[in-house]
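S.K.: Provided herewith: start02.csv, CSV, C-alpha atoms.
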chain,number,residue,atom,x,y,z
H,1,MET,CA,-16.5,12.3,-22.4
H,2,LYS,CA,-13.6,13.2,-24.6
H,3,ASN,CA,-11.1,13.4,-21.8
H,4,THR,CA,-11.8,10.2,-20.0
H,5,ARG,CA,-9.6,7.0,-20.3
H,6,PHE,CA,-8.8,3.9,-18.3
H,7,PHE,CA,-5.1,4.1,-19.3
H,8,TRP,CA,-2.7,6.7,-20.8
H,9,ASP,CA,-2.5,6.6,-24.6
H,10,GLY,CA,-1.4,8.9,-27.3
H,11,SER,CA,-4.7,10.8,-27.4
H,12,ILE,CA,-4.5,12.2,-23.8
H,13,VAL,CA,-3.9,15.9,-23.6
H,14,GLU,CA,-1.8,15.9,-20.4
H,15,SER,CA,-2.3,19.6,-19.8
H,16,ARG,CA,-5.9,18.8,-18.9
H,17,PHE,CA,-4.8,16.8,-15.9
H,18,ALA,CA,-3.6,18.1,-12.6
H,19,VAL,CA,-0.2,17.1,-11.1
H,20,PRO,CA,-0.7,15.0,-7.9
H,21,HIS,CA,1.0,16.2,-4.7
H,22,ASN,CA,2.1,14.4,-1.6
H,23,LYS,CA,1.0,15.3,2.0
H,24,ASP,CA,3.8,17.9,2.1
H,25,GLY,CA,2.5,19.6,-1.1
H,26,LYS,CA,5.4,18.4,-3.2
H,27,PRO,CA,4.6,17.1,-6.8
H,28,ILE,CA,4.4,13.4,-7.3
H,29,ASP,CA,5.3,11.9,-10.7
H,30,ILE,CA,2.2,11.0,-12.6
H,31,HIS,CA,1.8,7.2,-13.0
H,32,ARG,CA,1.0,6.6,-16.6
H,33,ASN,CA,-0.6,3.2,-16.5
H,34,THR,CA,-0.7,1.5,-19.9
H,35,THR,CA,-3.3,-1.2,-19.2
H,36,ALA,CA,-6.9,-0.7,-18.3
H,37,ASN,CA,-8.3,-1.5,-14.9
H,38,ALA,CA,-12.0,-0.9,-14.6
H,39,ALA,CA,-11.9,-1.0,-10.8
H,40,ASP,CA,-9.2,1.8,-10.5
H,41,LEU,CA,-7.3,4.5,-12.2
H,42,LEU,CA,-10.0,6.3,-14.1
H,43,LEU,CA,-8.4,9.3,-15.9
H,44,THR,CA,-10.9,12.1,-16.3
H,45,THR,CA,-11.6,15.8,-16.0
H,46,VAL,CA,-14.1,17.4,-13.7
H,47,GLU,CA,-16.0,18.5,-16.9
H,48,ASP,CA,-16.3,15.0,-18.2
H,49,TYR,CA,-17.2,13.5,-14.8
H,50,GLY,CA,-19.8,16.2,-14.4
H,51,ARG,CA,-21.4,15.1,-17.7
H,52,PHE,CA,-21.4,11.5,-16.3
H,53,ALA,CA,-23.0,12.7,-13.0
H,54,VAL,CA,-25.8,14.6,-14.8
H,55,ASN,CA,-26.6,11.4,-16.7
H,56,VAL,CA,-26.7,9.4,-13.5
H,57,LEU,CA,-29.0,12.0,-11.9
H,58,LYS,CA,-31.3,11.8,-14.8
H,59,SER,CA,-30.9,8.0,-15.1
H,60,ARG,CA,-30.0,8.4,-18.7
H,61,GLY,CA,-28.5,5.5,-20.6
H,62,LEU,CA,-29.9,2.8,-18.3
H,63,SER,CA,-33.3,1.1,-18.2
H,64,GLN,CA,-35.3,2.0,-15.1
H,65,GLU,CA,-34.9,-1.6,-13.8
H,66,VAL,CA,-31.1,-1.3,-14.0
H,67,PHE,CA,-31.1,2.2,-12.5
H,68,ASP,CA,-33.3,1.0,-9.6
H,69,GLU,CA,-30.9,-1.9,-8.9
H,70,MET,CA,-27.9,0.5,-9.1
H,71,VAL,CA,-29.3,2.8,-6.4
H,72,ARG,CA,-30.8,0.0,-4.2
H,73,PRO,CA,-28.9,-0.7,-1.0
H,74,GLN,CA,-27.3,-4.1,-1.7
H,75,VAL,CA,-24.8,-4.7,1.1
H,76,LYS,CA,-24.3,-2.9,4.4
H,77,TYR,CA,-21.3,-0.6,4.5
H,78,PRO,CA,-19.1,-1.9,7.3
H,79,SER,CA,-18.4,1.4,9.1
H,80,GLY,CA,-21.4,3.5,8.2
H,81,ASN,CA,-24.6,3.7,10.2
H,82,ASN,CA,-26.9,4.3,7.3
H,83,MET,CA,-24.6,3.4,4.5
H,84,PHE,CA,-24.8,0.6,2.0
H,85,PHE,CA,-23.1,-0.4,-1.2
H,86,GLY,CA,-25.2,-0.2,-4.3
H,87,LEU,CA,-23.9,-1.1,-7.8
H,88,GLY,CA,-20.9,1.1,-8.3
H,89,TRP,CA,-22.0,3.6,-5.6
H,90,MET,CA,-22.3,3.9,-1.8
H,91,VAL,CA,-26.0,4.5,-1.1
H,92,MET,CA,-27.3,6.5,1.9
H,93,PRO,CA,-31.0,6.0,1.9
H,94,ASP,CA,-33.7,7.6,4.1
H,95,LEU,CA,-32.5,11.1,4.2
H,96,SER,CA,-34.9,14.0,4.9
H,97,ASN,CA,-37.5,14.9,2.2
H,98,CYS,CA,-37.5,11.2,1.0
H,99,GLU,CA,-34.1,11.9,-0.5
H,100,TYR,CA,-31.2,9.5,-0.8
H,101,ALA,CA,-27.5,10.0,-1.7
H,102,LEU,CA,-25.2,8.2,-4.1
H,103,ILE,CA,-21.6,8.6,-3.1
H,104,HIS,CA,-18.4,7.6,-4.9
H,105,THR,CA,-14.9,8.3,-3.7
H,106,GLY,CA,-11.6,7.7,-5.3
H,107,SER,CA,-8.0,7.9,-4.2
H,108,ASP,CA,-4.6,7.2,-5.7
H,109,PRO,CA,-1.2,8.6,-4.7
H,110,GLY,CA,-1.7,12.4,-4.7
H,111,VAL,CA,-5.3,12.3,-5.7
H,112,ASN,CA,-8.6,12.2,-3.7
H,113,THR,CA,-12.0,12.7,-5.1
H,114,VAL,CA,-15.7,12.5,-4.2
H,115,VAL,CA,-19.0,12.8,-6.0
H,116,ILE,CA,-22.3,13.0,-4.1
H,117,LEU,CA,-25.5,12.9,-6.0
H,118,PHE,CA,-29.1,13.4,-4.7
H,119,PRO,CA,-31.2,12.0,-7.5
H,120,LYS,CA,-34.6,13.0,-6.2
H,121,SER,CA,-33.7,16.7,-5.9
H,122,GLN,CA,-31.3,16.6,-8.8
H,123,ARG,CA,-28.5,18.1,-6.8
H,124,GLY,CA,-24.9,17.0,-6.6
H,125,LEU,CA,-21.3,17.9,-5.9
H,126,ILE,CA,-18.0,16.8,-7.4
H,127,VAL,CA,-14.7,17.6,-5.8
H,128,PHE,CA,-11.4,16.5,-7.3
H,129,THR,CA,-8.3,17.3,-5.4
H,130,ASN,CA,-4.7,16.7,-6.5
H,131,GLY,CA,-3.2,16.2,-3.0
H,132,GLU,CA,-2.8,13.5,-0.4
H,133,ASN,CA,-4.7,15.7,2.0
H,134,GLY,CA,-7.6,15.9,-0.3
H,135,VAL,CA,-10.0,14.0,2.0
H,136,GLN,CA,-9.8,16.7,4.6
H,137,VAL,CA,-10.5,19.3,1.9
H,138,TRP,CA,-13.5,17.6,0.4
H,139,THR,CA,-15.0,16.6,3.7
H,140,ARG,CA,-15.2,20.3,4.7
H,141,ILE,CA,-16.6,21.3,1.3
H,142,VAL,CA,-19.3,18.6,1.5
H,143,ALA,CA,-20.2,19.6,5.1
H,144,GLU,CA,-20.6,23.2,4.1
H,145,ALA,CA,-22.4,22.5,0.8
H,146,PHE,CA,-25.0,20.1,2.1
H,147,GLU,CA,-25.0,20.8,5.9
H,148,VAL,CA,-24.7,17.0,6.4
H,149,GLY,CA,-21.5,17.0,8.5
H,150,LYS,CA,-18.8,14.5,8.6
H,151,GLU,CA,-21.1,11.7,9.8
H,152,MET,CA,-22.6,11.4,6.4
H,153,LEU,CA,-19.5,10.1,4.9
H,154,GLY,CA,-18.4,8.0,7.9
H,155,ARG,CA,-15.5,10.4,8.6
H,156,GLY,CA,-16.7,11.9,11.9
What's the structure tokens form of this structure?
M.R.:
Amino acid sequence: MKNTRFFWDGSIVESRFAVPHNKDGKPIDIHRNTTANAADLLLTTVEDYGRFAVNVLKSRGLSQEVFDEMVRPQVKYPSGNNMFFGLGWMVMPDLSNCEYALIHTGSDPGVNTVVILFPKSQRGLIVFTNGENGVQVWTRIVAEAFEVGKEMLGRG
């Protein structure tokens, strides 16, 4: 993951990152944070995040015990019918074909992202948007791609 950081440093190739936009489609200045925050502000490219997602799908880099804990529903998600928090992921268990989904969203000013992984069938989708209206965009993409509708993500 050569283009992934937790803060802006001299090694970042800024042309690899999209300019964020507000709800009216106007560019927003990029916030170049200079300190790391593991809970927020991951700077990455779709390519790098895709590599990460493939490793999660294949449970690479973790013991089976840690992977099982990561994907186990730990705490009920407050507004989701069949949604839970796992370790670092929202978990939606008990889907058809004995499948479950791992979901992670992100948002910062002018940026909205989602990754949805289905480990049993080895499928997934990553959508990065560079706009305040990105949730509306990726919700439609997810609904089309997986025929799960808005209910899956608690956005119905």
S.K.: Separation of CA of Asn82 in chain H and CA of Asp94 in chain H, in Å?
M.R.: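 Computing it gives 8.2 Å between the two atoms.
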S.K.: Within 8 Å of range 3-20 of chain H, which residues of range 32-101 of chain H come that close, and what is the closest atom pair and distance in Å for each? Count all atoms listed in the file and give it as a Markdown table.
M.R.:
| residue | atom | partner | partner_atom | distance |
| --- | --- | --- | --- | --- |
| H:Arg32 | CA | H:Trp8 | CA | 5.6 |
| H:Asn33 | CA | H:Phe7 | CA | 5.4 |
| H:Thr34 | CA | H:Phe7 | CA | 5.1 |
| H:Thr35 | CA | H:Phe7 | CA | 5.6 |
| H:Ala36 | CA | H:Phe6 | CA | 5.0 |
| H:Asn37 | CA | H:Phe6 | CA | 6.4 |
| H:Ala38 | CA | H:Phe6 | CA | 6.9 |
| H:Leu41 | CA | H:Phe6 | CA | 6.3 |
| H:Leu42 | CA | H:Phe6 | CA | 5.0 |
| H:Leu43 | CA | H:Arg5 | CA | 5.1 |
| H:Thr44 | CA | H:Thr4 | CA | 4.3 |
| H:Thr45 | CA | H:Asn3 | CA | 6.3 |
| H:Asp48 | CA | H:Asn3 | CA | 6.5 |
S.K.: Would you save the residues of that selection, restricted to C-alpha atoms, as a PDB file, in the frame of the given file?
M.R.:
ATOM      1  CA  ARG H  32       1.000   6.600 -16.600  1.00  0.00           C
ATOM      2  CA  ASN H  33      -0.600   3.200 -16.500  1.00  0.00           C
ATOM      3  CA  THR H  34      -0.700   1.500 -19.900  1.00  0.00           C
ATOM      4  CA  THR H  35      -3.300  -1.200 -19.200  1.00  0.00           C
ATOM      5  CA  ALA H  36      -6.900  -0.700 -18.300  1.00  0.00           C
ATOM      6  CA  ASN H  37      -8.300  -1.500 -14.900  1.00  0.00           C
ATOM      7  CA  ALA H  38     -12.000  -0.900 -14.600  1.00  0.00           C
ATOM      8  CA  LEU H  41      -7.300   4.500 -12.200  1.00  0.00           C
ATOM      9  CA  LEU H  42     -10.000   6.300 -14.100  1.00  0.00           C
ATOM     10  CA  LEU H  43      -8.400   9.300 -15.900  1.00  0.00           C
ATOM     11  CA  THR H  44     -10.900  12.100 -16.300  1.00  0.00           C
ATOM     12  CA  THR H  45     -11.600  15.800 -16.000  1.00  0.00           C
ATOM     13  CA  ASP H  48     -16.300  15.000 -18.200  1.00  0.00           C
TER      14      ASP H  48
END
S.K.: Which residues come within 6 Å of Leu117 in chain H, counting all atoms listed in the file, excluding same-chain residues fewer than 6 positions away, as a compact mmCIF listing (two decimals) with C-alpha atoms, in the frame of the given file?
M.R.:
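What follows is the written file part22.txt:
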# COMPACT_ATOMS: atom_id res chain seq x y z
CA ALA H 101 -27.50 10.00 -1.70
CA LEU H 102 -25.20 8.20 -4.10
CA GLY H 124 -24.90 17.00 -6.60
S.K.: Report, in Å to a single decimal, how far apart CA of Val56 in chain H and CA of Val127 in chain H are.
M.R.: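 It comes out at 16.4 Å.
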S.K.: Could you tell me which of H:Leu62, H:Cys98, H:Val46, H:Met90 comes closest to Thr113 in chain H if we count all atoms listed in the file?
M.R.: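 That would be H:Val46, the residue with the smallest distance to Thr113 in chain H.
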S.K.: Given the choices H:Leu125, H:Ser107, H:Glu144, H:Pro119, which gets closest to Arg60 in chain H if the distance is worked out from only C-alpha atoms?
M.R.: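 Result for the nearest residue to Arg60 in chain H: H:Pro119.
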S.K.: So what do you get for CA of His21 in chain H versus CA of Asn130 in chain H, distance-wise?
M.R.: 6.0 Å
S.K.: Extract, using all atoms listed in the file, all DNA, RNA and protein residues at most 10 Å from Pro109 in chain H, discarding same-chain residues fewer than 4 positions from it, and format them as a list in words.
M.R.: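 Surrounding residues, per the criterion: Pro20, His21, Asn22, Lys23, Ile28, Asp29, Ile30, His31, Asn130, Gly131 and Glu132 of chain H.
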S.K.: When distances are computed from all atoms listed in the file, which of H:Asp40, H:Glu47, H:Asp24, H:Glu99 shows the smallest separation from Gln122 in chain H?
M.R.: H:Glu99
S.K.: So which one's closest to Val75 in chain H, H:Trp89, H:Tyr100, H:Trp138, H:Tyr49? Using all atoms listed in the file, please.
M.R.: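 Distance minimum relative to Val75 in chain H lands on H:Trp89.
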S.K.: From (-33.2, 4.7, -8.9), in the file's coordinates, out to 10 Å: which residues are reached, counting only C-alpha atoms? Answer as a PyMOL selection string.
M.R.: chain H and resi 56-59+63-72+100+102+119-120
S.K.: Please produce an output containing C-alpha atoms for each residue in the selection, written as a CSV table (one decimal), in the frame of the given file.
M.R.:
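File produced: again-v1.csv:
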chain,number,residue,atom,x,y,z
H,56,VAL,CA,-26.7,9.4,-13.5
H,57,LEU,CA,-29.0,12.0,-11.9
H,58,LYS,CA,-31.3,11.8,-14.8
H,59,SER,CA,-30.9,8.0,-15.1
H,63,SER,CA,-33.3,1.1,-18.2
H,64,GLN,CA,-35.3,2.0,-15.1
H,65,GLU,CA,-34.9,-1.6,-13.8
H,66,VAL,CA,-31.1,-1.3,-14.0
H,67,PHE,CA,-31.1,2.2,-12.5
H,68,ASP,CA,-33.3,1.0,-9.6
H,69,GLU,CA,-30.9,-1.9,-8.9
H,70,MET,CA,-27.9,0.5,-9.1
H,71,VAL,CA,-29.3,2.8,-6.4
H,72,ARG,CA,-30.8,0.0,-4.2
H,100,TYR,CA,-31.2,9.5,-0.8
H,102,LEU,CA,-25.2,8.2,-4.1
H,119,PRO,CA,-31.2,12.0,-7.5
H,120,LYS,CA,-34.6,13.0,-6.2
S.K.: Given the choices H:Met1, H:Ile126, H:Met92, H:Val111, which gets closest to Gly25 in chain H if the distance is worked out from only C-alpha atoms?
M.R.: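 Smallest separation from Gly25 in chain H among the options: H:Val111.
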S.K.: Looking at H:Asn112, H:Asn55, H:Thr105, H:Asn81, which one is nearest to Val137 in chain H, with distances taken over all atoms listed in the file?
M.R.: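 Under the stated criterion, the closest residue is H:Asn112.
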